[in-house]
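J.: work_35.cif is reproduced in full below (mmCIF, C-alpha atoms).
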```
data_entry
#
loop_
_atom_site.group_PDB
_atom_site.id
_atom_site.type_symbol
_atom_site.label_atom_id
_atom_site.label_comp_id
_atom_site.auth_asym_id
_atom_site.auth_seq_id
_atom_site.Cartn_x
_atom_site.Cartn_y
_atom_site.Cartn_z
ATOM 1 C CA MET D 30 -8.663 -4.922 -8.973
ATOM 2 C CA ILE D 31 -10.203 -2.188 -6.894
ATOM 3 C CA PHE D 32 -10.493 -4.175 -3.659
ATOM 4 C CA SER D 33 -6.811 -5.132 -3.492
ATOM 5 C CA GLU D 34 -6.208 -2.879 -0.449
ATOM 6 C CA LEU D 35 -9.720 -3.580 0.846
ATOM 7 C CA HIS D 36 -9.360 -7.356 0.765
ATOM 8 C CA TRP D 37 -10.074 -7.318 4.476
ATOM 9 C CA ILE D 38 -13.782 -6.565 3.842
ATOM 10 C CA PRO D 39 -14.710 -9.888 2.193
ATOM 11 C CA SER D 40 -12.176 -11.608 4.459
ATOM 12 C CA VAL D 41 -13.931 -10.291 7.572
ATOM 13 C CA ILE D 42 -17.291 -11.397 6.179
ATOM 14 C CA ALA D 43 -15.895 -14.888 5.547
ATOM 15 C CA ALA D 44 -14.407 -15.107 9.047
ATOM 16 C CA VAL D 45 -17.624 -13.964 10.715
ATOM 17 C CA LEU D 46 -19.661 -16.467 8.689
ATOM 18 C CA THR D 47 -17.235 -19.253 9.648
ATOM 19 C CA VAL D 48 -17.764 -18.480 13.326
ATOM 20 C CA LEU D 49 -21.556 -18.261 12.859
ATOM 21 C CA LEU D 50 -21.611 -21.693 11.235
ATOM 22 C CA VAL D 51 -20.784 -23.204 14.617
ATOM 23 C CA PHE D 52 -24.078 -21.928 16.001
ATOM 24 C CA VAL D 53 -26.353 -22.600 13.008
ATOM 25 C CA THR D 54 -27.839 -26.091 13.278
ATOM 26 C CA ASP D 55 -30.437 -25.911 10.510
ATOM 27 C CA ARG D 56 -28.967 -27.863 7.575
ATOM 28 C CA ASN D 57 -30.313 -25.603 4.799
ATOM 29 C CA LYS D 58 -29.221 -22.391 6.497
ATOM 30 C CA HIS D 59 -25.870 -24.014 7.239
ATOM 31 C CA LYS D 60 -25.387 -24.730 3.527
ATOM 32 C CA VAL D 61 -26.315 -21.192 2.466
ATOM 33 C CA LEU D 62 -23.909 -19.681 4.987
ATOM 34 C CA SER D 63 -21.192 -22.108 3.848
ATOM 35 C CA TYR D 64 -21.505 -21.020 0.212
ATOM 36 C CA ALA D 65 -21.522 -17.356 1.240
ATOM 37 C CA MET D 66 -18.414 -17.977 3.349
ATOM 38 C CA ALA D 67 -16.648 -19.680 0.447
ATOM 39 C CA PHE D 68 -17.432 -16.843 -1.966
ATOM 40 C CA SER D 69 -16.304 -14.158 0.495
ATOM 41 C CA ALA D 70 -13.131 -16.056 1.364
ATOM 42 C CA LEU D 71 -12.176 -16.412 -2.306
ATOM 43 C CA ALA D 72 -12.803 -12.701 -2.900
ATOM 44 C CA GLY D 73 -10.608 -11.819 0.064
ATOM 45 C CA LEU D 74 -7.865 -14.196 -1.046
ATOM 46 C CA ILE D 75 -7.848 -12.818 -4.599
ATOM 47 C CA GLY D 76 -7.692 -9.255 -3.299
ATOM 48 C CA PHE D 77 -4.891 -10.168 -0.891
ATOM 49 C CA ALA D 78 -2.796 -11.837 -3.612
ATOM 50 C CA TYR D 79 -3.529 -9.267 -6.326
ATOM 51 C CA GLY D 80 -2.685 -6.347 -4.069
ATOM 52 C CA GLY D 81 0.961 -7.342 -3.896
ATOM 53 C CA SER D 82 0.758 -8.183 -0.208
ATOM 54 C CA SER D 83 0.907 -11.924 -0.711
ATOM 55 C CA SER D 84 4.311 -12.467 0.873
ATOM 56 C CA LEU D 85 4.086 -15.022 3.685
ATOM 57 C CA ILE D 86 7.766 -14.826 4.579
ATOM 58 C CA GLY D 87 9.036 -13.376 7.839
ATOM 59 C CA VAL D 88 7.779 -13.190 11.392
ATOM 60 C CA ASN D 89 5.499 -10.269 12.180
ATOM 61 C CA ALA D 90 1.860 -9.598 12.968
ATOM 62 C CA HIS D 91 0.904 -9.328 9.312
ATOM 63 C CA THR D 92 2.409 -12.654 8.236
ATOM 64 C CA LEU D 93 0.973 -14.370 11.336
ATOM 65 C CA HIS D 94 -2.428 -12.946 10.449
ATOM 66 C CA ALA D 95 -2.026 -14.120 6.853
ATOM 67 C CA TRP D 96 -0.960 -17.657 7.793
ATOM 68 C CA ILE D 97 -3.831 -18.051 10.269
ATOM 69 C CA GLY D 98 -6.252 -16.744 7.658
ATOM 70 C CA VAL D 99 -4.940 -19.184 5.060
ATOM 71 C CA ALA D 100 -5.211 -22.045 7.568
ATOM 72 C CA ALA D 101 -8.824 -21.105 8.360
ATOM 73 C CA LEU D 102 -9.556 -20.949 4.629
ATOM 74 C CA LEU D 103 -8.058 -24.392 3.935
ATOM 75 C CA VAL D 104 -9.855 -26.052 6.867
ATOM 76 C CA SER D 105 -13.159 -24.442 5.856
ATOM 77 C CA PHE D 106 -12.819 -25.475 2.220
ATOM 78 C CA TYR D 107 -11.820 -29.007 3.234
ATOM 79 C CA ASN D 108 -14.913 -29.234 5.400
ATOM 80 C CA LEU D 109 -17.109 -27.788 2.667
ATOM 81 C CA ALA D 110 -15.747 -30.214 0.081
ATOM 82 C CA ARG D 111 -16.342 -33.232 2.363
ATOM 83 C CA SER D 112 -19.915 -32.141 2.965
ATOM 84 C CA PHE D 113 -20.708 -32.606 -0.730
ATOM 85 C CA PHE D 114 -20.060 -36.332 -0.399
ATOM 86 C CA ALA D 115 -21.481 -36.908 3.063
ATOM 87 C CA LYS D 116 -25.098 -37.975 3.451
ATOM 88 C CA LYS D 117 -25.275 -36.541 6.933
ATOM 89 C CA GLN D 118 -23.149 -34.410 9.177
ATOM 90 C CA SER D 119 -20.469 -36.344 11.013
ATOM 91 C CA HIS D 120 -18.707 -35.702 14.290
ATOM 92 C CA HIS D 121 -15.537 -35.108 12.251
ATOM 93 C CA HIS D 122 -17.316 -32.380 10.253
ATOM 94 C CA CYS D 123 -18.264 -30.566 13.450
ATOM 95 C CA GLN D 124 -14.756 -30.846 14.887
ATOM 96 C CA MET D 125 -13.237 -29.357 11.753
ATOM 97 C CA GLY D 126 -15.841 -26.594 11.913
ATOM 98 C CA TYR D 127 -14.752 -25.714 15.435
ATOM 99 C CA VAL D 128 -11.107 -25.590 14.309
ATOM 100 C CA ALA D 129 -12.006 -23.276 11.408
ATOM 101 C CA ALA D 130 -14.037 -21.048 13.737
ATOM 102 C CA VAL D 131 -11.181 -20.714 16.230
ATOM 103 C CA LEU D 132 -8.695 -19.901 13.455
ATOM 104 C CA SER D 133 -11.108 -17.378 11.942
ATOM 105 C CA PHE D 134 -11.610 -15.693 15.300
ATOM 106 C CA MET D 135 -7.840 -15.420 15.767
ATOM 107 C CA ALA D 136 -7.455 -13.958 12.265
ATOM 108 C CA LEU D 137 -10.224 -11.462 13.034
ATOM 109 C CA LEU D 138 -8.564 -10.420 16.276
ATOM 110 C CA ILE D 139 -5.106 -9.872 14.750
ATOM 111 C CA GLY D 140 -6.632 -8.209 11.680
ATOM 112 C CA SER D 141 -8.551 -5.804 13.911
ATOM 113 C CA LEU D 142 -5.326 -4.856 15.693
ATOM 114 C CA LEU D 143 -3.653 -4.275 12.310
ATOM 115 C CA LEU D 144 -6.509 -2.096 11.066
ATOM 116 C CA THR D 145 -6.526 0.034 14.205
ATOM 117 C CA GLY D 146 -2.767 0.529 13.960
ATOM 118 C CA LEU D 147 -2.079 -0.995 17.387
ATOM 119 C CA VAL D 148 0.340 -3.578 15.936
ATOM 120 C CA ASN D 149 1.026 -1.824 12.668
ATOM 121 C CA ALA D 150 3.771 0.529 13.800
ATOM 122 C CA PRO D 151 6.778 0.699 11.474
ATOM 123 C CA PRO D 152 10.323 0.292 12.797
ATOM 124 C CA ALA D 153 11.455 3.097 15.076
ATOM 125 C CA PHE D 154 14.256 4.051 12.679
ATOM 126 C CA GLN D 155 12.453 4.871 9.460
ATOM 127 C CA ASN D 156 14.673 7.056 7.349
ATOM 128 C CA THR D 157 18.092 8.652 7.160
ATOM 129 C CA VAL D 158 19.402 12.059 6.179
ATOM 130 C CA GLN D 159 19.442 13.105 2.547
ATOM 131 C CA ILE D 160 22.744 13.427 0.756
ATOM 132 C CA PRO D 161 23.431 14.995 -2.672
ATOM 133 C CA ALA D 162 23.301 12.460 -5.491
ATOM 134 C CA SER D 163 23.816 12.140 -9.220
ATOM 135 C CA THR D 164 20.920 11.927 -11.636
ATOM 136 C CA THR D 165 22.861 9.182 -13.408
ATOM 137 C CA LEU D 166 22.180 5.969 -11.520
ATOM 138 C CA PRO D 167 24.646 3.057 -11.345
ATOM 139 C CA GLU D 168 21.901 0.649 -12.532
ATOM 140 C CA VAL D 169 23.331 -2.032 -10.255
ATOM 141 C CA GLU D 170 21.004 -2.801 -7.368
ATOM 142 C CA ALA D 171 22.405 -1.615 -4.044
ATOM 143 C CA GLU D 172 22.155 -3.900 -1.038
ATOM 144 C CA ARG D 173 23.322 -1.426 1.622
ATOM 145 C CA PHE D 174 23.378 2.341 2.042
ATOM 146 C CA GLN D 175 24.261 4.518 5.039
ATOM 147 C CA ASN D 176 24.965 1.397 7.126
ATOM 148 C CA MET D 177 21.496 0.017 6.462
ATOM 149 C CA THR D 178 20.428 -3.168 4.703
ATOM 150 C CA LEU D 179 18.033 -2.468 1.831
ATOM 151 C CA THR D 180 15.112 -4.619 0.734
ATOM 152 C CA ARG D 181 15.682 -6.026 -2.746
ATOM 153 C CA LEU D 182 13.097 -5.117 -5.363
ATOM 154 C CA ARG D 183 12.002 -8.721 -5.736
ATOM 155 C CA ASP D 184 11.113 -8.805 -2.024
ATOM 156 C CA GLN D 185 9.221 -5.518 -1.908
ATOM 157 C CA GLY D 186 5.448 -5.462 -1.651
ATOM 158 C CA ASN D 187 3.440 -3.365 -4.054
ATOM 159 C CA ASN D 188 -0.119 -2.159 -4.631
ATOM 160 C CA ALA D 189 -2.000 -0.448 -7.458
ATOM 161 C CA ILE D 190 -5.647 0.307 -8.137
ATOM 162 C CA VAL D 191 -5.692 -0.887 -11.765
ATOM 163 C CA GLY D 192 -2.314 -2.562 -12.256
ATOM 164 C CA THR D 193 1.105 -1.404 -13.413
ATOM 165 C CA GLN D 194 1.250 1.683 -15.642
ATOM 166 C CA HIS D 195 3.709 1.851 -18.531
ATOM 167 C CA ILE D 196 4.646 5.445 -19.339
ATOM 168 C CA ASP D 197 6.608 6.431 -22.435
ATOM 169 C CA VAL D 198 9.355 8.758 -21.257
ATOM 170 C CA ARG D 199 9.523 10.298 -24.750
ATOM 171 C CA THR D 200 6.027 11.742 -24.436
ATOM 172 C CA TYR D 201 5.920 12.182 -20.666
ATOM 173 C CA GLY D 202 5.303 15.593 -19.155
ATOM 174 C CA LEU D 203 4.816 16.627 -15.523
ATOM 175 C CA THR D 204 2.471 19.564 -15.026
ATOM 176 C CA VAL D 205 2.252 21.823 -11.985
ATOM 177 C CA THR D 206 -0.981 23.816 -11.682
ATOM 178 C CA GLY D 207 -3.086 25.649 -9.121
ATOM 179 C CA LEU D 208 -1.835 28.339 -6.780
ATOM 180 C CA VAL D 209 1.436 29.050 -8.598
ATOM 181 C CA GLU D 210 2.646 32.072 -10.522
ATOM 182 C CA ASP D 211 4.042 29.992 -13.390
ATOM 183 C CA GLN D 212 2.341 26.796 -14.468
ATOM 184 C CA LEU D 213 4.882 24.175 -15.481
ATOM 185 C CA ASN D 214 4.962 21.364 -18.009
ATOM 186 C CA LEU D 215 8.358 19.704 -17.873
ATOM 187 C CA THR D 216 9.727 16.610 -19.555
ATOM 188 C CA TYR D 217 11.537 13.850 -17.690
ATOM 189 C CA GLU D 218 14.912 15.071 -18.971
ATOM 190 C CA GLU D 219 14.158 18.699 -18.032
ATOM 191 C CA LEU D 220 13.216 17.711 -14.488
ATOM 192 C CA LEU D 221 16.431 15.777 -13.948
ATOM 193 C CA ALA D 222 18.514 18.530 -15.518
ATOM 194 C CA GLN D 223 17.008 21.469 -13.625
ATOM 195 C CA LEU D 224 16.558 20.034 -10.115
ATOM 196 C CA PRO D 225 19.287 18.813 -7.738
ATOM 197 C CA ALA D 226 19.085 15.136 -6.778
ATOM 198 C CA TYR D 227 19.331 13.589 -3.318
ATOM 199 C CA SER D 228 19.407 10.063 -1.900
ATOM 200 C CA GLN D 229 18.120 8.714 1.396
ATOM 201 C CA VAL D 230 16.979 5.491 3.001
ATOM 202 C CA ALA D 231 13.292 5.468 3.884
ATOM 203 C CA TYR D 232 10.892 2.837 5.164
ATOM 204 C CA MET D 233 7.664 2.453 3.167
ATOM 205 C CA PRO D 234 4.976 1.144 5.571
ATOM 206 C CA CYS D 235 1.864 -0.279 3.940
ATOM 207 C CA VAL D 236 -1.436 0.149 5.725
ATOM 208 C CA GLU D 237 -1.854 -3.638 5.441
ATOM 209 C CA GLY D 238 0.990 -4.205 7.899
ATOM 210 C CA TRP D 239 4.012 -4.926 5.712
ATOM 211 C CA GLY D 240 6.765 -2.577 4.600
ATOM 212 C CA PHE D 241 10.309 -2.338 3.291
ATOM 213 C CA TYR D 242 13.500 -0.284 3.405
ATOM 214 C CA ALA D 243 14.885 1.182 0.190
ATOM 215 C CA LYS D 244 17.345 3.765 -1.025
ATOM 216 C CA TRP D 245 15.393 6.447 -2.843
ATOM 217 C CA THR D 246 16.980 8.939 -5.245
ATOM 218 C CA GLY D 247 15.070 11.938 -6.545
ATOM 219 C CA PHE D 248 14.488 15.663 -6.329
ATOM 220 C CA ARG D 249 12.711 17.555 -3.574
ATOM 221 C CA VAL D 250 9.098 18.486 -4.203
ATOM 222 C CA ILE D 251 9.692 21.959 -2.788
ATOM 223 C CA ASP D 252 12.485 22.593 -5.309
ATOM 224 C CA LEU D 253 10.017 21.862 -8.105
ATOM 225 C CA LEU D 254 7.346 24.064 -6.526
ATOM 226 C CA ASP D 255 9.889 26.875 -6.160
ATOM 227 C CA LEU D 256 10.304 26.794 -9.945
ATOM 228 C CA ALA D 257 6.574 27.389 -10.256
ATOM 229 C CA LYS D 258 6.652 30.210 -7.661
ATOM 230 C CA LEU D 259 4.059 29.379 -5.037
ATOM 231 C CA LYS D 260 1.385 31.907 -4.194
ATOM 232 C CA THR D 261 1.195 33.095 -0.594
ATOM 233 C CA ASN D 262 -2.082 31.259 0.118
ATOM 234 C CA ALA D 263 -0.783 27.852 -0.999
ATOM 235 C CA THR D 264 -1.111 25.257 1.808
ATOM 236 C CA TYR D 265 -1.902 21.865 0.258
ATOM 237 C CA VAL D 266 -0.487 19.809 -2.600
ATOM 238 C CA VAL D 267 -2.290 17.027 -4.486
ATOM 239 C CA PHE D 268 -0.433 14.454 -6.585
ATOM 240 C CA HIS D 269 -2.243 12.902 -9.547
ATOM 241 C CA SER D 270 -1.173 9.664 -11.220
ATOM 242 C CA SER D 271 -1.635 8.266 -14.705
ATOM 243 C CA ASP D 272 -4.014 5.540 -13.467
ATOM 244 C CA GLY D 273 -6.480 8.029 -11.965
ATOM 245 C CA TYR D 274 -5.027 7.767 -8.467
ATOM 246 C CA SER D 275 -4.566 10.855 -6.305
ATOM 247 C CA THR D 276 -3.446 11.764 -2.812
ATOM 248 C CA GLY D 277 -2.552 14.987 -1.054
ATOM 249 C CA LEU D 278 -0.223 16.297 1.627
ATOM 250 C CA PRO D 279 0.188 19.596 3.477
ATOM 251 C CA LEU D 280 2.786 21.923 1.982
ATOM 252 C CA GLU D 281 4.324 22.367 5.443
ATOM 253 C CA TYR D 282 4.992 18.613 5.685
ATOM 254 C CA LEU D 283 6.586 18.513 2.215
ATOM 255 C CA VAL D 284 8.893 21.367 3.182
ATOM 256 C CA ASP D 285 9.784 20.176 6.691
ATOM 257 C CA ARG D 286 10.517 16.593 5.632
ATOM 258 C CA LYS D 287 12.189 17.602 2.351
ATOM 259 C CA VAL D 288 10.013 15.033 0.610
ATOM 260 C CA LEU D 289 11.455 13.527 -2.559
ATOM 261 C CA MET D 290 9.906 12.585 -5.856
ATOM 262 C CA ALA D 291 12.033 9.553 -6.597
ATOM 263 C CA PHE D 292 13.216 8.482 -10.032
ATOM 264 C CA GLY D 293 15.510 5.810 -8.605
ATOM 265 C CA ILE D 294 15.290 3.011 -6.079
ATOM 266 C CA ASN D 295 18.274 1.055 -4.733
ATOM 267 C CA ASP D 296 20.454 2.685 -7.428
ATOM 268 C CA LEU D 297 18.132 1.481 -10.218
ATOM 269 C CA THR D 298 15.832 3.568 -12.383
ATOM 270 C CA LEU D 299 12.314 3.052 -11.070
ATOM 271 C CA PRO D 300 10.798 0.047 -12.840
ATOM 272 C CA PRO D 301 7.231 0.464 -14.154
ATOM 273 C CA GLU D 302 5.700 -1.522 -11.288
ATOM 274 C CA ARG D 303 7.451 0.738 -8.769
ATOM 275 C CA GLY D 304 6.095 3.937 -10.312
ATOM 276 C CA PHE D 305 8.280 5.078 -13.222
ATOM 277 C CA PRO D 306 8.939 7.872 -13.876
ATOM 278 C CA PHE D 307 8.300 9.226 -10.341
ATOM 279 C CA GLN D 308 7.122 7.919 -6.977
ATOM 280 C CA LEU D 309 6.557 10.138 -3.968
ATOM 281 C CA VAL D 310 8.668 9.290 -0.908
ATOM 282 C CA ALA D 311 6.224 10.299 1.827
ATOM 283 C CA VAL D 312 8.366 9.454 4.868
ATOM 284 C CA ASP D 313 6.490 8.563 8.060
ATOM 285 C CA LYS D 314 3.250 8.161 6.097
ATOM 286 C CA TYR D 315 1.382 5.016 5.114
ATOM 287 C CA GLY D 316 1.992 3.675 1.624
ATOM 288 C CA TYR D 317 -1.198 5.097 0.107
ATOM 289 C CA LYS D 318 0.471 8.518 0.343
ATOM 290 C CA TRP D 319 3.423 7.261 -1.738
ATOM 291 C CA ALA D 320 1.837 8.068 -5.094
ATOM 292 C CA LYS D 321 3.321 6.365 -8.175
ATOM 293 C CA TRP D 322 3.299 7.326 -11.881
ATOM 294 C CA ILE D 323 2.876 11.008 -11.001
ATOM 295 C CA THR D 324 1.827 13.115 -13.990
ATOM 296 C CA ARG D 325 0.299 16.210 -12.392
ATOM 297 C CA ILE D 326 0.754 18.247 -9.204
ATOM 298 C CA GLU D 327 -1.993 20.604 -8.102
ATOM 299 C CA VAL D 328 -1.403 23.270 -5.452
ATOM 300 C CA GLY D 329 -4.371 24.523 -3.439
ATOM 301 C CA ASP D 330 -5.390 26.285 -0.250
ATOM 302 C CA LYS D 331 -7.523 23.548 1.328
ATOM 303 C CA GLU D 332 -7.182 19.920 2.330
ATOM 304 C CA VAL D 333 -8.326 17.438 -0.311
ATOM 305 C CA GLU D 334 -9.217 13.776 0.029
ATOM 306 C CA GLY D 335 -7.517 11.500 -2.473
ATOM 307 C CA TYR D 336 -8.522 8.142 -3.925
ATOM 308 C CA TRP D 337 -8.331 6.000 -0.770
ATOM 309 C CA GLU D 338 -8.976 8.883 1.608
ATOM 310 C CA SER D 339 -12.370 9.510 0.005
ATOM 311 C CA ARG D 340 -13.107 5.818 0.649
ATOM 312 C CA GLY D 341 -12.545 6.054 4.384
ATOM 313 C CA TYR D 342 -8.772 6.053 4.865
ATOM 314 C CA ASN D 343 -7.251 8.572 7.277
ATOM 315 C CA ASN D 344 -6.081 11.670 5.402
ATOM 316 C CA ASN D 345 -3.274 12.191 7.921
ATOM 317 C CA ALA D 346 -1.895 8.694 7.178
ATOM 318 C CA ASP D 347 0.679 8.901 9.989
ATOM 319 C CA ALA D 348 2.579 5.590 10.050
ATOM 320 C CA GLY D 349 1.686 3.606 13.148
ATOM 321 C CA GLY D 350 -1.536 5.551 13.665
ATOM 322 C CA PRO D 351 -5.114 4.520 12.870
ATOM 323 C CA PRO D 352 -5.525 4.054 9.104
ATOM 324 C CA PHE D 353 -9.239 4.968 9.204
#
```
Write the structure described by the file as structure tokens, please.

T.:
Amino acid sequence: MIFSELHWIPSVIAAVLTVLLVFVTDRNKHKVLSYAMAFSALAGLIGFAYGGSSSLIGVNAHTLHAWIGVAALLVSFYNLARSFFAKKQSHHHCQMGYVAAVLSFMALLIGSLLLTGLVNAPPAFQNTVQIPASTTLPEVEAERFQNMTLTRLRDQGNNAIVGTQHIDVRTYGLTVTGLVEDQLNLTYEELLAQLPAYSQVAYMPCVEGWGFYAKWTGFRVIDLLDLAKLKTNATYVVFHSSDGYSTGLPLEYLVDRKVLMAFGINDLTLPPERGFPFQLVAVDKYGYKWAKWITRIEVGDKEVEGYWESRGYNNNADAGGPPF
């Protein structure tokens, strides 16, 4: 569902309409706005749940925002349902409308702070140093690494533009094109055999306000690009995924941060929903830079806007900064 990460758009519309209902006294206009509110609220709720951000556990700005939004939705729908059976507006109906309006305003306020990045900053300690690792994973989920508690897979949030991709490793090939001397097309086994593996803990912060710690195991992007022999004018790298997704990052950032393309998470081979065979570990960047199901890497000499970036998201994507 394409609006999974943009669920806030219909949600904002619903919240604004809920507040406006307090000031609209004409019965017919009130009904029309109520139906529009209900439709927008359902669209926002579906996008919120489908996008993998539906966890309401924990105490942070995002979960508070979600709980207030759900409360506003329930009160509004309760009021709307009662109006079908009432012959005229009651004092109780108006009181419930005021409650829904206040809750909606609070959800709007917190949501605005989340969208501007003012309360969206990830934990101060985001990632640890990389250490050499084996390409053979234990396949037993790790709970701690480098003195840090890891988030279990079942508790991790997730997003995708068209749902989970299922890639057959037997036919998989990763291509590297663009400003390189030697274009590459390597199988999964060749990549793991030719490139040294490393592990590190990194925090994946979603632009929606949630995030998680995980142990990531993979090879460095720069080691792969060195195999292809970068041309001197190469400055930007775009990652393409099997679902049509794309995002790009400066070559300098990939080198400085020793960015990994992970094939393992918490000592497990990446499951399909997490991005098998490879997910980018874009440390200190919002989650929309953490491309999954990577099938092609394109090296260029200019900045490129990816899938979400071309739809208004900040191409820098610095965690804790403004997402737009």

J.: Within 10 Å of Arg303 (chain D), counting only C-alpha atoms, which residues show up once you throw out same-chain ones fewer than 3 positions away? Write them as a PyMOL selection string, please.

T.: chain D and resi 182+185-189+193-194+292-294+298-300+306-308+320-322

J.: Which one is closest to Met233 (chain D): D:Leu309, D:Val128, D:Val209, D:Val99? Count only C-alpha atoms.

T.: D:Leu309

J.: For the PyMOL selection byres ((chain D and resi 329) around 12), applied here, can you spell out every residue it catches as a list in words?

T.: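 Selection result, ordered by chain and number: Val205, Thr206, Gly207, Leu208, Val209, Leu259, Lys260, Thr261, Asn262, Ala263, Thr264, Tyr265, Val266, Val267, Phe268, Gly277, Leu278, Pro279, Leu280, Ile326, Glu327, Val328, Asp330, Lys331, Glu332 and Val333 of chain D.
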
J.: Rank D:Leu215, D:Ala257, D:Val288, D:Ala171 by their smallest atom-to-atom distance to Ala231 (chain D), using all atoms listed in the file, and report the top residue only.

T.: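 That would be D:Val288, the residue with the smallest distance to Ala231 (chain D).
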
J.: If you measure from CA of Tyr282 (chain D) to CA of Ile196 (chain D), what distance in Å do you get, rounded to one decimal?

T.: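 It comes out at 28.3 Å.
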